[in-house]
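Reviewing the structure listed below.
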Amino acid sequence: MQPQRSTLHFAAASAAVLALAGGAAAQNCYDSQHRCFTFGPPPEAGVGKVDTAGMLDLHSKRLHVEGDFRIRLRTGDTRNGNPYNGLADQQASRGRVRLRFQATEKVQAFAEFNFSETWAGSESYSDALAGSNFNGVSQFYIDADDMFGFQDQWRVGRSEYILGNGLILGSCDYLQRPGTFTGAWFSRQIAGHDLELFMFDDYGPLQATHAGIRYAGGTGSINFGDCCGGALEKIMPYFMAGTHDGNEVTSATNDTEDDQWLGIDAKGTLPAEVKWNAEWANRFVRRGEDRMAWRATLTKQVALFDGVLDSVSVQHTDADGKMDVGNPADFNSAGLLHQYGGAWRSDMQTTQVGVRVMPGAEVAVDVNLLHLDRRGTTTQQGEYEADLVVGRKFASGVYASVGYGVDEDRRQVGFFQLTLNF
């Protein structure tokens, strides 16, 4: 009888999400509060696409080619007696090429090739494992618009996917853990709102694989537009459940196959042009205690001192324990030292104050001050942390960034990155 109760619970929760009317376009993206791209723009930002205009003999009507190249260096240091689990010296380069084929008026095919390597002497790093570099297809899917004639949109194949603004399920691009999943996503607009249903297999990001698990669920985006003076722009509910399906799944080896996630994300603009974003999520753990987490952020564009002081933000996060499914996109959500694996992968609270400074010459300087309150059985390491990130996009198109983080015990980490989108 237990499988029947689980099925009914799943059906009821799915119906609740659908009743809120919500979308693939809403969740399959990065919100402005998402910090995984702190060290550079998203891979497709500002990319000039190339139309072959008949220069290649293709069955497809049109081909767009784009990609990115990145060099990433990381080093850590600490005083004796103050251990830090992020001391690895890592040097890695990665190149990706993305091809978008317009097969018909309504169907587009997408392929992404990924090559990642570590340099001599570097420790393993996500999809770039020492002595075992990744060189293969990372994404391959089709996008179909109005395939059955009722304004339906489909994505079928292996694709990156974001859920819960990356805190439940994501693609941590900076940490080189692209979360790609093989499945099907259906979305449709209803009365100006977005609705999405999905089912996919999760085998882990590229080389960091694990036993295959199948998930299903739905997302929504209720768009309020200018309602309430813009104070509430949209509400984005989501639900996901492990289906206990897949030949490789065994209860003894994975603790997420029977769990369920219910969450809601919302944002808007308060008086004085203060932007807010809030999110709440609950993980229903079948063989353990449920876990709950939330965060709230206020951001104000101030443009003081001739625009030098660009913006300030305040953020608070709280989590009862691990919320994600193996690959959240929450790097830098709890500091650059990454001592606790992110704000929603630990039993902890964070309070953060951020400042962005634009001193000129197209240089952006981000300063973040954090208070970290670790609970549970894990030893509290740094309680206070200060992070500094300096970035600039040059006329050549190369984006360079340098980051530095340190806590009160002088655990410290440094980053350097060069990125080119093409």
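Chain labels A, B, ... are given in the sequence in which chains occur in the structure tokens; within each chain residues are numbered consecutively from 1, and ligands are likewise numbered from 1 in the order shown.
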Query raised in the report: If we count only C-alpha atoms, what is near Val274 (chain A) at a cut-off of 8 Å, once residues fewer than 4 positions away on the same chain are taken out, given as a ChimeraX atom specification?
Result: /A:269-270,298-301
Query raised in the report: Which value, in Å to one decimal, gives the distance between CA of Gly341 (chain A) and CA of Gly382 (chain A)?
Result: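 Separation of CA of Gly341 (chain A) and CA of Gly382 (chain A): 13.1 Å.
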Query - CA of Glu233 (chain A) to CA of Thr350 (chain A), distance in Å rounded to a single decimal - result: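 Going from CA of Glu233 (chain A) over to CA of Thr350 (chain A) covers 25.8 Å.
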Requested in this report: For region 123-126 of chain A, list every protein, DNA or RNA residue within 12 Å, evaluated using only C-alpha atoms, and leave out those in the same chain fewer than 4 positions away; present the list as number ranges by chain.
Outcome: A: 72-75, 86-94, 116-119, 130-134, 171-179, 204-209, 327
Produce a file of the selected residues containing N, CA, C and O atoms, as a compact mmCIF listing (two decimals), in the first residue's frame.
```txt
# COMPACT_ATOMS: atom_id res chain seq x y z
N ARG A 72 40.89 28.65 -15.57
CA ARG A 72 40.52 28.87 -14.17
C ARG A 72 41.62 28.37 -13.26
O ARG A 72 42.07 27.23 -13.38
N LEU A 73 42.06 29.22 -12.35
CA LEU A 73 43.12 28.89 -11.38
C LEU A 73 42.59 29.12 -9.98
O LEU A 73 41.93 30.13 -9.71
N ARG A 74 42.91 28.21 -9.07
CA ARG A 74 42.48 28.33 -7.69
C ARG A 74 43.57 27.87 -6.76
O ARG A 74 44.26 26.88 -7.03
N THR A 75 43.74 28.59 -5.64
CA THR A 75 44.71 28.18 -4.63
C THR A 75 44.16 28.54 -3.26
O THR A 75 43.43 29.53 -3.11
N GLY A 86 39.33 23.22 1.67
CA GLY A 86 39.39 23.68 0.28
C GLY A 86 40.78 24.09 -0.14
O GLY A 86 40.97 25.06 -0.86
N LEU A 87 41.79 23.34 0.31
CA LEU A 87 43.18 23.72 0.03
C LEU A 87 43.68 23.31 -1.34
O LEU A 87 44.81 23.60 -1.69
N ALA A 88 42.88 22.61 -2.11
CA ALA A 88 43.35 22.06 -3.39
C ALA A 88 43.83 23.16 -4.31
O ALA A 88 43.19 24.20 -4.46
N ASP A 89 44.99 22.93 -4.93
CA ASP A 89 45.48 23.79 -6.01
C ASP A 89 44.95 23.20 -7.32
O ASP A 89 45.29 22.07 -7.69
N GLN A 90 44.13 23.97 -8.00
CA GLN A 90 43.47 23.47 -9.20
C GLN A 90 43.70 24.45 -10.35
O GLN A 90 43.49 25.66 -10.19
N GLN A 91 44.14 23.91 -11.46
CA GLN A 91 44.29 24.69 -12.68
C GLN A 91 43.61 23.91 -13.80
O GLN A 91 43.95 22.75 -14.05
N ALA A 92 42.64 24.52 -14.44
CA ALA A 92 41.87 23.80 -15.44
C ALA A 92 41.51 24.73 -16.59
O ALA A 92 41.34 25.93 -16.40
N SER A 93 41.41 24.16 -17.77
CA SER A 93 40.90 24.90 -18.93
C SER A 93 39.74 24.12 -19.52
O SER A 93 39.69 22.89 -19.43
N ARG A 94 38.82 24.86 -20.13
CA ARG A 94 37.64 24.22 -20.71
C ARG A 94 37.24 24.97 -21.97
O ARG A 94 37.25 26.20 -22.02
N SER A 116 37.32 19.43 -21.31
CA SER A 116 37.84 19.95 -20.04
C SER A 116 39.10 19.19 -19.67
O SER A 116 39.16 17.97 -19.79
N GLU A 117 40.11 19.91 -19.17
CA GLU A 117 41.37 19.28 -18.79
C GLU A 117 41.96 19.97 -17.58
O GLU A 117 41.69 21.15 -17.31
N THR A 118 42.74 19.24 -16.82
CA THR A 118 43.55 19.81 -15.75
C THR A 118 44.98 19.94 -16.24
O THR A 118 45.43 19.19 -17.10
N TRP A 119 45.69 20.92 -15.68
CA TRP A 119 47.09 21.12 -16.05
C TRP A 119 47.98 20.21 -15.21
O TRP A 119 47.55 19.65 -14.20
N ALA A 130 42.08 14.71 -13.05
CA ALA A 130 43.50 14.52 -13.33
C ALA A 130 43.72 13.18 -14.01
O ALA A 130 43.33 12.14 -13.49
N GLY A 131 44.32 13.21 -15.19
CA GLY A 131 44.60 11.98 -15.93
C GLY A 131 43.41 11.41 -16.66
O GLY A 131 43.51 10.37 -17.31
N SER A 132 42.25 12.07 -16.57
CA SER A 132 41.05 11.56 -17.25
C SER A 132 40.19 12.74 -17.66
O SER A 132 39.12 12.98 -17.10
N ASN A 133 40.65 13.50 -18.64
CA ASN A 133 39.94 14.68 -19.08
C ASN A 133 38.63 14.30 -19.77
O ASN A 133 38.49 13.20 -20.30
N PHE A 134 37.70 15.24 -19.76
CA PHE A 134 36.42 14.98 -20.43
C PHE A 134 36.47 15.52 -21.85
O PHE A 134 36.88 16.65 -22.09
N SER A 171 23.03 23.91 -12.55
CA SER A 171 24.25 23.69 -13.31
C SER A 171 25.28 24.68 -12.80
O SER A 171 25.23 25.86 -13.10
N CYS A 172 26.18 24.19 -11.97
CA CYS A 172 27.15 25.08 -11.34
C CYS A 172 28.29 25.32 -12.30
O CYS A 172 29.32 24.64 -12.28
N ASP A 173 28.10 26.28 -13.18
CA ASP A 173 29.04 26.50 -14.26
C ASP A 173 30.42 26.88 -13.75
O ASP A 173 31.43 26.39 -14.24
N TYR A 174 30.48 27.75 -12.75
CA TYR A 174 31.80 28.17 -12.29
C TYR A 174 32.57 27.01 -11.68
O TYR A 174 33.78 26.87 -11.89
N LEU A 175 31.91 26.17 -10.92
CA LEU A 175 32.57 25.01 -10.33
C LEU A 175 32.72 23.87 -11.34
O LEU A 175 33.13 22.78 -11.00
N GLN A 176 32.38 24.16 -12.59
CA GLN A 176 32.59 23.21 -13.70
C GLN A 176 31.86 21.90 -13.44
O GLN A 176 32.37 20.82 -13.71
N ARG A 177 30.64 22.03 -12.95
CA ARG A 177 29.79 20.87 -12.74
C ARG A 177 28.48 21.09 -13.50
O ARG A 177 27.44 21.36 -12.90
N PRO A 178 28.51 21.05 -14.82
CA PRO A 178 27.29 21.29 -15.58
C PRO A 178 26.26 20.20 -15.33
O PRO A 178 26.50 19.03 -15.60
N GLY A 179 25.11 20.58 -14.79
CA GLY A 179 24.05 19.63 -14.50
C GLY A 179 23.21 19.37 -15.73
O GLY A 179 22.39 20.21 -16.11
N GLY A 204 24.11 12.35 -12.81
CA GLY A 204 25.20 13.16 -12.32
C GLY A 204 25.80 14.00 -13.42
O GLY A 204 25.58 13.76 -14.61
N PRO A 205 26.60 15.02 -13.05
CA PRO A 205 27.19 15.93 -14.03
C PRO A 205 28.43 15.35 -14.70
O PRO A 205 29.46 15.16 -14.07
N LEU A 206 28.33 15.06 -15.98
CA LEU A 206 29.45 14.58 -16.79
C LEU A 206 30.20 13.46 -16.07
O LEU A 206 29.65 12.40 -15.82
N GLN A 207 31.46 13.67 -15.70
CA GLN A 207 32.25 12.58 -15.12
C GLN A 207 31.85 12.24 -13.68
O GLN A 207 32.10 11.14 -13.22
N ALA A 208 31.25 13.18 -12.98
CA ALA A 208 30.87 12.93 -11.59
C ALA A 208 29.54 12.19 -11.56
O ALA A 208 28.51 12.71 -11.13
N THR A 209 29.54 10.96 -12.03
CA THR A 209 28.29 10.22 -12.20
C THR A 209 27.91 9.46 -10.93
O THR A 209 28.73 9.21 -10.06
N ASN A 327 23.71 18.38 -7.17
CA ASN A 327 24.43 19.36 -7.99
C ASN A 327 23.72 20.70 -7.97
O ASN A 327 23.19 21.15 -8.97
```
Report task. Could you give me, as a list of chain:residue names, the residues within 6 Å of Gly217 (chain A), counting only C-alpha atoms and dropping anything in the same chain fewer than 5 positions from it? Result ->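 Here the answer would be A:Leu197, A:Phe198, A:Phe239, A:Met240.
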Requested in this report: Within 8 Å of region 279-289 of chain A, counting only C-alpha atoms, which residues show up once you throw out same-chain ones fewer than 6 positions away? Write them as a ChimeraX atom specification, please.
Outcome: /A:255-256,258-266,295-296,323
Report task. Identify all residues of region 178-340 of chain A in helix (DSSP H, G or I) (DSSP on the backbone) and supply them as a list of chain:residue names. Result -> A:Cys227, A:Cys228, A:Gly229, A:Gly230, A:Pro271, A:Ala272, A:Glu273
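With distances restricted to only C-alpha atoms, A:Gly67 is the closest residue to Phe115 (chain A) from A:Gln315, A:Gly81, A:Gly67, A:Ala103.
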**Report entry** A:Val365, A:Lys267, A:Thr351, A:Gly391 ranked by distance to Ser311 (chain A), top pick (using only C-alpha atoms)
**Finding:**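 Looking only at the distances to Ser311 (chain A), the closest residue turns out to be A:Val365.
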Report task. For Leu232 (chain A), please output as number ranges by chain all residues within 10 Å (counting only C-alpha atoms; exclusion window: fewer than 2 positions along the same chain). Result -> A: 223-230, 234-235, 266-270, 275-277
How would the residues just chosen look if you wrote them out with N, CA, C and O atoms as a PDB file, in the first residue's frame?
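Saved file out.pdb follows:
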```pdb
ATOM      1  N   ASN A 223       2.550  35.468 -13.406  1.00  0.00           N
ATOM      2  CA  ASN A 223       3.095  36.782 -13.744  1.00  0.00           C
ATOM      3  C   ASN A 223       2.072  37.866 -13.424  1.00  0.00           C
ATOM      4  O   ASN A 223       0.988  37.904 -14.000  1.00  0.00           O
ATOM      5  N   PHE A 224       2.425  38.770 -12.502  1.00  0.00           N
ATOM      6  CA  PHE A 224       1.513  39.816 -12.071  1.00  0.00           C
ATOM      7  C   PHE A 224       1.710  41.126 -12.815  1.00  0.00           C
ATOM      8  O   PHE A 224       0.907  42.042 -12.684  1.00  0.00           O
ATOM      9  N   GLY A 225       2.787  41.260 -13.579  1.00  0.00           N
ATOM     10  CA  GLY A 225       3.022  42.476 -14.340  1.00  0.00           C
ATOM     11  C   GLY A 225       3.173  43.685 -13.444  1.00  0.00           C
ATOM     12  O   GLY A 225       3.971  43.693 -12.511  1.00  0.00           O
ATOM     13  N   ASP A 226       2.354  44.728 -13.706  1.00  0.00           N
ATOM     14  CA  ASP A 226       2.425  45.972 -12.938  1.00  0.00           C
ATOM     15  C   ASP A 226       1.473  45.989 -11.750  1.00  0.00           C
ATOM     16  O   ASP A 226       1.234  47.047 -11.157  1.00  0.00           O
ATOM     17  N   CYS A 227       0.951  44.818 -11.413  1.00  0.00           N
ATOM     18  CA  CYS A 227       0.035  44.748 -10.280  1.00  0.00           C
ATOM     19  C   CYS A 227       0.714  45.236  -9.001  1.00  0.00           C
ATOM     20  O   CYS A 227       1.906  45.004  -8.781  1.00  0.00           O
ATOM     21  N   CYS A 228      -0.071  45.929  -8.169  1.00  0.00           N
ATOM     22  CA  CYS A 228       0.437  46.397  -6.862  1.00  0.00           C
ATOM     23  C   CYS A 228       1.627  47.332  -7.025  1.00  0.00           C
ATOM     24  O   CYS A 228       2.530  47.346  -6.167  1.00  0.00           O
ATOM     25  N   GLY A 229       1.657  48.065  -8.131  1.00  0.00           N
ATOM     26  CA  GLY A 229       2.766  48.979  -8.363  1.00  0.00           C
ATOM     27  C   GLY A 229       4.088  48.287  -8.573  1.00  0.00           C
ATOM     28  O   GLY A 229       5.142  48.893  -8.374  1.00  0.00           O
ATOM     29  N   GLY A 230       4.060  47.020  -8.986  1.00  0.00           N
ATOM     30  CA  GLY A 230       5.291  46.264  -9.210  1.00  0.00           C
ATOM     31  C   GLY A 230       5.845  45.625  -7.963  1.00  0.00           C
ATOM     32  O   GLY A 230       6.902  44.976  -8.007  1.00  0.00           O
ATOM     33  N   LYS A 234       6.140  38.396  -9.822  1.00  0.00           N
ATOM     34  CA  LYS A 234       5.789  37.023 -10.166  1.00  0.00           C
ATOM     35  C   LYS A 234       5.999  36.093  -8.980  1.00  0.00           C
ATOM     36  O   LYS A 234       6.814  36.360  -8.084  1.00  0.00           O
ATOM     37  N   ILE A 235       5.222  35.012  -8.970  1.00  0.00           N
ATOM     38  CA  ILE A 235       5.360  33.929  -8.005  1.00  0.00           C
ATOM     39  C   ILE A 235       5.633  32.657  -8.794  1.00  0.00           C
ATOM     40  O   ILE A 235       4.928  32.357  -9.758  1.00  0.00           O
ATOM     41  N   ALA A 266       9.632  34.059  -5.348  1.00  0.00           N
ATOM     42  CA  ALA A 266       8.873  35.263  -5.682  1.00  0.00           C
ATOM     43  C   ALA A 266       9.803  36.456  -5.716  1.00  0.00           C
ATOM     44  O   ALA A 266      10.864  36.464  -5.071  1.00  0.00           O
ATOM     45  N   LYS A 267       9.403  37.475  -6.465  1.00  0.00           N
ATOM     46  CA  LYS A 267      10.204  38.685  -6.530  1.00  0.00           C
ATOM     47  C   LYS A 267       9.346  39.872  -6.924  1.00  0.00           C
ATOM     48  O   LYS A 267       8.234  39.724  -7.443  1.00  0.00           O
ATOM     49  N   GLY A 268       9.873  41.057  -6.659  1.00  0.00           N
ATOM     50  CA  GLY A 268       9.166  42.278  -6.993  1.00  0.00           C
ATOM     51  C   GLY A 268      10.017  43.481  -6.669  1.00  0.00           C
ATOM     52  O   GLY A 268      11.223  43.369  -6.389  1.00  0.00           O
ATOM     53  N   THR A 269       9.393  44.667  -6.684  1.00  0.00           N
ATOM     54  CA  THR A 269      10.095  45.918  -6.417  1.00  0.00           C
ATOM     55  C   THR A 269       9.300  46.724  -5.403  1.00  0.00           C
ATOM     56  O   THR A 269       8.112  47.032  -5.617  1.00  0.00           O
ATOM     57  N   LEU A 270       9.935  47.083  -4.294  1.00  0.00           N
ATOM     58  CA  LEU A 270       9.317  47.849  -3.227  1.00  0.00           C
ATOM     59  C   LEU A 270       9.470  49.340  -3.502  1.00  0.00           C
ATOM     60  O   LEU A 270      10.188  49.745  -4.430  1.00  0.00           O
ATOM     61  N   LYS A 275      14.591  46.282  -4.892  1.00  0.00           N
ATOM     62  CA  LYS A 275      14.187  44.993  -5.450  1.00  0.00           C
ATOM     63  C   LYS A 275      14.308  43.913  -4.377  1.00  0.00           C
ATOM     64  O   LYS A 275      15.271  43.901  -3.614  1.00  0.00           O
ATOM     65  N   TRP A 276      13.312  43.037  -4.334  1.00  0.00           N
ATOM     66  CA  TRP A 276      13.332  41.947  -3.359  1.00  0.00           C
ATOM     67  C   TRP A 276      13.144  40.619  -4.065  1.00  0.00           C
ATOM     68  O   TRP A 276      12.544  40.526  -5.130  1.00  0.00           O
ATOM     69  N   ASN A 277      13.714  39.593  -3.445  1.00  0.00           N
ATOM     70  CA  ASN A 277      13.584  38.230  -3.933  1.00  0.00           C
ATOM     71  C   ASN A 277      13.526  37.318  -2.716  1.00  0.00           C
ATOM     72  O   ASN A 277      14.321  37.465  -1.790  1.00  0.00           O
TER      73      ASN A 277
END
```
Report task. Could you jot down the CA of Ala293 (chain A) to CA of Asp318 (chain A) separation for me, Å, one decimal place? Result -> 5.4 Å
